>>> print(open('my_file04.txt').read())   # compact mmCIF, C-alpha atoms and all ligand atoms
# COMPACT_ATOMS: atom_id res chain seq x y z
CA MET A 1 114.06 117.16 152.70
CA ASN A 2 116.42 120.04 153.34
CA VAL A 3 119.27 119.33 155.78
CA GLN A 4 121.16 122.36 157.12
CA GLN A 5 123.88 121.57 159.56
CA HIS A 6 127.15 122.52 161.11
CA ASN A 7 129.67 122.22 158.28
CA PRO A 8 133.18 122.53 159.77
CA PHE A 9 134.93 121.34 156.60
CA GLN A 10 132.99 123.79 154.39
CA PHE A 11 131.66 121.16 152.01
CA PRO A 12 129.46 122.52 149.21
CA ARG A 13 125.71 122.04 149.56
CA ILE A 14 124.59 119.10 147.36
CA TYR A 15 121.55 117.22 146.11
CA LEU A 16 121.44 113.67 147.44
CA ALA A 17 119.55 111.63 144.85
CA SER A 18 118.81 108.63 147.06
CA GLN A 19 115.94 107.21 149.05
CA SER A 20 118.39 105.41 151.33
CA PRO A 21 118.22 106.70 154.93
CA ARG A 22 121.74 105.27 155.43
CA ARG A 23 123.20 107.58 152.79
CA ALA A 24 121.50 110.61 154.38
CA GLN A 25 122.80 109.53 157.80
CA LEU A 26 126.38 109.21 156.50
CA LEU A 27 126.27 112.66 154.84
CA GLU A 28 125.01 114.10 158.13
CA GLN A 29 127.92 112.42 159.91
CA MET A 30 130.30 114.15 157.46
CA GLY A 31 128.71 117.55 158.04
CA VAL A 32 127.69 117.87 154.37
CA PRO A 33 124.58 120.08 153.88
CA PHE A 34 122.18 118.49 151.40
CA ASP A 35 118.72 118.40 149.83
CA VAL A 36 117.21 115.00 149.09
CA PHE A 37 115.94 114.84 145.53
CA LEU A 38 114.15 111.67 144.42
CA PRO A 39 113.27 110.41 140.94
CA GLU A 40 109.68 111.26 139.93
CA ASP A 41 109.25 107.85 138.34
CA SER A 42 110.19 105.27 140.97
CA ALA A 43 109.24 102.34 138.69
CA ALA A 44 111.69 103.58 136.03
CA ALA A 45 114.32 104.02 138.75
CA GLU A 46 113.90 100.37 139.81
CA LEU A 47 114.34 99.24 136.22
CA LEU A 48 117.81 100.79 136.22
CA GLU A 49 118.86 98.07 138.68
CA VAL A 50 118.36 95.17 136.28
CA VAL A 51 121.57 93.17 135.84
CA LEU A 52 122.71 92.59 132.23
CA PRO A 53 123.69 89.03 131.16
CA ASN A 54 127.19 88.12 132.45
CA GLU A 55 127.68 91.62 133.83
CA ASP A 56 130.68 92.06 136.11
CA PRO A 57 129.63 93.32 139.60
CA VAL A 58 131.93 96.39 139.46
CA ASP A 59 130.72 97.28 135.95
CA TYR A 60 127.17 96.84 137.22
CA VAL A 61 127.41 99.23 140.22
CA GLN A 62 129.25 101.80 138.13
CA ARG A 63 126.69 101.63 135.35
CA VAL A 64 123.74 101.88 137.76
CA SER A 65 125.19 104.81 139.76
CA LEU A 66 125.74 106.72 136.50
CA ALA A 67 122.27 105.86 135.19
CA LYS A 68 120.72 107.11 138.45
CA LEU A 69 122.71 110.34 138.07
CA GLN A 70 121.68 110.92 134.44
CA ALA A 71 117.99 110.39 135.27
CA ILE A 72 118.09 112.88 138.16
CA GLN A 73 120.19 115.46 136.27
CA GLN A 74 117.45 115.71 133.64
CA GLN A 75 114.81 116.24 136.33
CA ILE A 76 116.83 118.92 138.13
CA ASN A 77 117.52 120.75 134.86
CA THR A 78 113.86 120.63 133.85
CA ALA A 79 112.78 121.91 137.29
CA ARG A 80 115.29 124.78 136.96
CA LEU A 81 116.51 124.25 140.51
CA PRO A 82 119.57 126.09 141.84
CA PRO A 83 122.74 124.43 140.53
CA GLN A 84 124.45 122.26 143.15
CA PRO A 85 126.55 119.08 142.88
CA ILE A 86 124.39 115.94 142.63
CA LEU A 87 125.38 112.72 144.39
CA CYS A 88 124.19 109.20 143.46
CA ALA A 89 125.42 105.82 144.64
CA ASP A 90 124.76 102.15 144.20
CA THR A 91 125.74 99.27 146.49
CA THR A 92 125.80 95.62 145.59
CA VAL A 93 127.01 92.39 147.13
CA ALA A 94 128.89 89.83 145.03
CA PHE A 95 129.72 86.25 145.81
CA ALA A 96 131.75 84.19 143.35
CA ALA A 97 130.99 86.81 140.65
CA GLU A 98 127.24 86.47 141.26
CA ILE A 99 125.45 89.75 141.93
CA LEU A 100 123.25 89.51 145.01
CA GLY A 101 120.80 92.41 145.05
CA LYS A 102 117.95 93.10 147.44
CA PRO A 103 115.97 89.95 148.34
CA GLU A 104 112.58 89.59 146.71
CA ASP A 105 111.03 87.74 149.65
CA ALA A 106 111.91 85.60 152.68
CA ALA A 107 112.86 82.60 150.52
CA ASP A 108 115.23 84.75 148.49
CA ALA A 109 116.76 86.22 151.67
CA ARG A 110 117.26 82.64 152.95
CA ARG A 111 118.95 81.65 149.67
CA ILE A 112 121.30 84.66 149.72
CA LEU A 113 122.25 84.38 153.40
CA THR A 114 122.83 80.64 153.10
CA MET A 115 125.24 81.40 150.25
CA LEU A 116 127.10 84.02 152.33
CA SER A 117 127.23 81.93 155.55
CA GLY A 118 130.81 80.95 156.47
CA GLN A 119 132.21 82.61 153.33
CA VAL A 120 134.00 85.74 152.16
CA HIS A 121 132.07 88.04 149.81
CA GLN A 122 132.60 91.47 148.24
CA VAL A 123 130.56 94.63 148.67
CA HIS A 124 130.95 97.22 145.90
CA THR A 125 129.70 100.79 146.20
CA ALA A 126 129.97 103.13 143.23
CA VAL A 127 129.47 106.87 143.63
CA ALA A 128 128.81 109.40 140.87
CA LEU A 129 129.00 113.12 141.64
CA ALA A 130 128.00 115.69 139.03
CA CYS A 131 129.64 119.10 139.44
CA GLY A 132 128.39 121.27 136.60
CA HIS A 133 129.30 119.42 133.39
CA GLU A 134 131.93 117.27 135.09
CA VAL A 135 131.11 113.85 136.56
CA LYS A 136 133.47 112.54 139.25
CA ARG A 137 133.33 108.86 140.09
CA THR A 138 134.69 106.41 142.60
CA CYS A 139 134.09 102.74 143.36
CA VAL A 140 135.06 101.05 146.62
CA THR A 141 135.28 97.30 147.16
CA SER A 142 135.27 95.72 150.62
CA GLN A 143 135.78 92.10 151.61
CA VAL A 144 133.42 90.76 154.26
CA THR A 145 133.78 87.42 156.08
CA PHE A 146 130.64 85.91 157.60
CA LYS A 147 130.70 83.32 160.35
CA THR A 148 128.64 80.19 159.78
CA ILE A 149 125.06 81.26 160.47
CA SER A 150 123.03 78.60 162.29
CA PRO A 151 119.53 77.71 161.01
CA VAL A 152 118.00 79.25 164.16
CA GLU A 153 119.93 82.50 163.66
CA LEU A 154 119.01 82.55 159.99
CA GLU A 155 115.27 82.31 160.67
CA ALA A 156 115.45 84.85 163.51
CA TYR A 157 117.31 87.26 161.24
CA ILE A 158 114.78 86.92 158.43
CA ASP A 159 111.93 87.38 160.94
CA SER A 160 113.56 90.63 162.13
CA GLY A 161 112.83 92.14 158.69
CA GLU A 162 116.35 93.55 158.44
CA PRO A 163 117.31 91.74 155.20
CA PHE A 164 114.66 93.53 153.12
CA GLY A 165 115.56 96.56 151.00
CA ARG A 166 119.25 95.77 151.46
CA ALA A 167 121.76 94.48 148.98
CA GLY A 168 122.93 91.00 149.99
CA ALA A 169 120.00 90.67 152.41
CA TYR A 170 121.86 92.10 155.40
CA ALA A 171 122.76 95.32 157.18
CA VAL A 172 126.28 95.72 158.57
CA GLN A 173 124.94 98.52 160.78
CA GLY A 174 122.27 96.26 162.26
CA LEU A 175 121.88 92.77 163.72
CA ALA A 176 124.08 91.34 160.94
CA ALA A 177 127.10 92.89 162.67
CA THR A 178 127.00 89.76 164.85
CA PHE A 179 127.68 87.64 161.73
CA ILE A 180 130.73 89.60 160.59
CA GLU A 181 133.99 87.98 161.56
CA HIS A 182 136.12 90.33 159.48
CA LEU A 183 135.71 93.36 157.26
CA SER A 184 138.47 94.81 155.15
CA GLY A 185 137.84 97.97 153.15
CA SER A 186 135.32 100.61 154.16
CA TYR A 187 132.57 100.06 156.74
CA SER A 188 130.64 103.13 155.54
CA SER A 189 130.86 101.89 151.95
CA VAL A 190 129.28 98.57 152.95
CA MET A 191 126.53 100.61 154.62
CA GLY A 192 125.92 102.50 151.36
CA LEU A 193 128.33 105.46 151.01
CA PRO A 194 132.14 105.50 151.35
CA VAL A 195 132.67 108.52 153.60
CA PHE A 196 136.40 109.01 153.00
CA GLU A 197 136.14 108.78 149.21
CA VAL A 198 133.04 111.01 149.05
CA ALA A 199 134.82 113.67 151.15
CA ARG A 200 137.75 113.49 148.75
CA LEU A 201 135.44 113.95 145.73
CA LEU A 202 133.70 116.91 147.38
CA ARG A 203 136.98 118.57 148.37
CA GLY A 204 138.43 118.01 144.91
C1 LIG A 301 125.35 95.46 152.34
C2 LIG A 301 124.46 96.53 152.93
C3 LIG A 301 123.58 97.26 152.15
N1 LIG A 301 122.77 98.19 152.71
C4 LIG A 301 121.83 98.98 151.89
C5 LIG A 301 122.43 100.29 151.34
C6 LIG A 301 121.48 100.63 150.22
O1 LIG A 301 120.40 101.41 150.75
C7 LIG A 301 120.96 99.26 149.79
C8 LIG A 301 121.47 98.92 148.41
O2 LIG A 301 120.60 99.40 147.46
P1 LIG A 301 120.90 100.61 146.48
O3 LIG A 301 120.17 100.28 145.21
O4 LIG A 301 122.34 100.91 146.41
O5 LIG A 301 120.20 101.87 147.17
P2 LIG A 301 118.68 102.14 147.53
O6 LIG A 301 117.76 101.50 146.54
O7 LIG A 301 118.45 101.82 148.99
O8 LIG A 301 118.62 103.73 147.39
P3 LIG A 301 118.82 104.62 146.07
O9 LIG A 301 118.90 103.74 144.85
O10 LIG A 301 117.63 105.54 146.05
O11 LIG A 301 120.10 105.38 146.33
O12 LIG A 301 121.43 98.30 150.73
C9 LIG A 301 122.83 98.47 154.08
O13 LIG A 301 122.08 99.31 154.59
N2 LIG A 301 123.71 97.78 154.85
C10 LIG A 301 124.54 96.81 154.35
O14 LIG A 301 125.32 96.22 155.11
>>> encode(input="my_file04.txt", output="structure tokens", more="lines below")
Ligand SMILES: Cc1cn([C@H]2C[C@H](O)[C@@H](COP(=O)(O)OP(=O)(O)OP(=O)(O)O)O2)c(=O)[nH]c1=O
Amino acid sequence: MNVQQHNPFQFPRIYLASQSPRRAQLLEQMGVPFDVFLPEDSAAAELLEVVLPNEDPVDYVQRVSLAKLQAIQQQINTARLPPQPILCADTTVAFAAEILGKPEDAADARRILTMLSGQVHQVHTAVALACGHEVKRTCVTSQVTFKTISPVELEAYIDSGEPFGRAGAYAVQGLAATFIEHLSGSYSSVMGLPVFEVARLLRG
């Protein structure tokens, strides 16, 4: 996908190495022109997201965002595509140091959301941007407070399908907004890409 758009801040054109429609949407919001470039081997890409034993959530997102970048850099080099900065990101939810990735099924979504109900959790998004041989990185942590989710709300939310494909089994930009009592940090980062910090990396 090739996205040309009005670019008032004169951001450089980049490759977005992400299948996440939220990340594309946030780059569009920023006025950044981009080409989506996806890994050829999606199974290998999924393997990158395996958590190591006792891995700290911040270490985890940073490691995965860099691993995604290295895999895509190789592909872009091999394909001899025009050189442009390459952007990768990874978002994860952590509660009491436990990493809560995307739910495997409805039972897993129920387990994760029950854990988050009435509690404060962290959302970490790490970004890696390759500009030539240099790799610029940032990691943003937000604190999110959920209200107590009733059993009826929980089942209705799972039935909506929204938890699937999302770290922590929820989407701040969707129905789950009605669960969020308080958010401190970066809304866009919880959604998948911290707009302010990415703009700073691109300007730098
Ligand atoms: C917490 C939260 C996550 N998410 C999404 C953002 C990410 O798409 C996803 C976390 O998974 P990621 O592994 O970060 O991203 P992805 O697999 O969707 O895409 P890619 O690896 O190709 O870049 O969860 C929301 O959309 N809203 C939210 O509130």
>>> atom_distance(input="my_file04.txt", atom1="CA of Val58 in chain A", atom2="CA of Glu40 in chain A")
26.8 Å
>>> residues_near_point(input="my_file04.txt", point="(118.7, 99.4, 160.7)", cutoff="12 Å", atoms="all atoms listed in the file", output="list in words")
Ser20, Pro21, Arg22, Gln25, Ser160, Gly161, Glu162, Pro163, Phe164, Gly165, Arg166, Tyr170, Ala171, Val172, Gln173, Gly174, Leu175, Ala176, Ala177 and Met191 of chain A
>>> residues_around(input="my_file04.txt", residues="range 3-8 of chain A", least_positions_apart="4", cutoff="8 Å", atoms="only C-alpha atoms", output="PyMOL selection string")
chain A and resi 28+31-35
>>> residues_around(input="my_file04.txt", residues="range 106-121 of chain A", least_positions_apart="2", cutoff="7 Å", atoms="only C-alpha atoms", output="PyMOL selection string")
chain A and resi 94-95+103-104+123+143-149+158+163+168-169
>>> residues_near_point(input="my_file04.txt", point="(127.6, 103.0, 150.4)", cutoff="6 Å", atoms="all atoms listed in the file", output="list in words")
Thr91, Thr125, Ser188, Ser189, Val190, Met191, Gly192, Leu193 and Pro194 of chain A
>>> atom_distance(input="my_file04.txt", atom1="CA of Val140 in chain A", atom2="CA of Ala44 in chain A")
25.8 Å
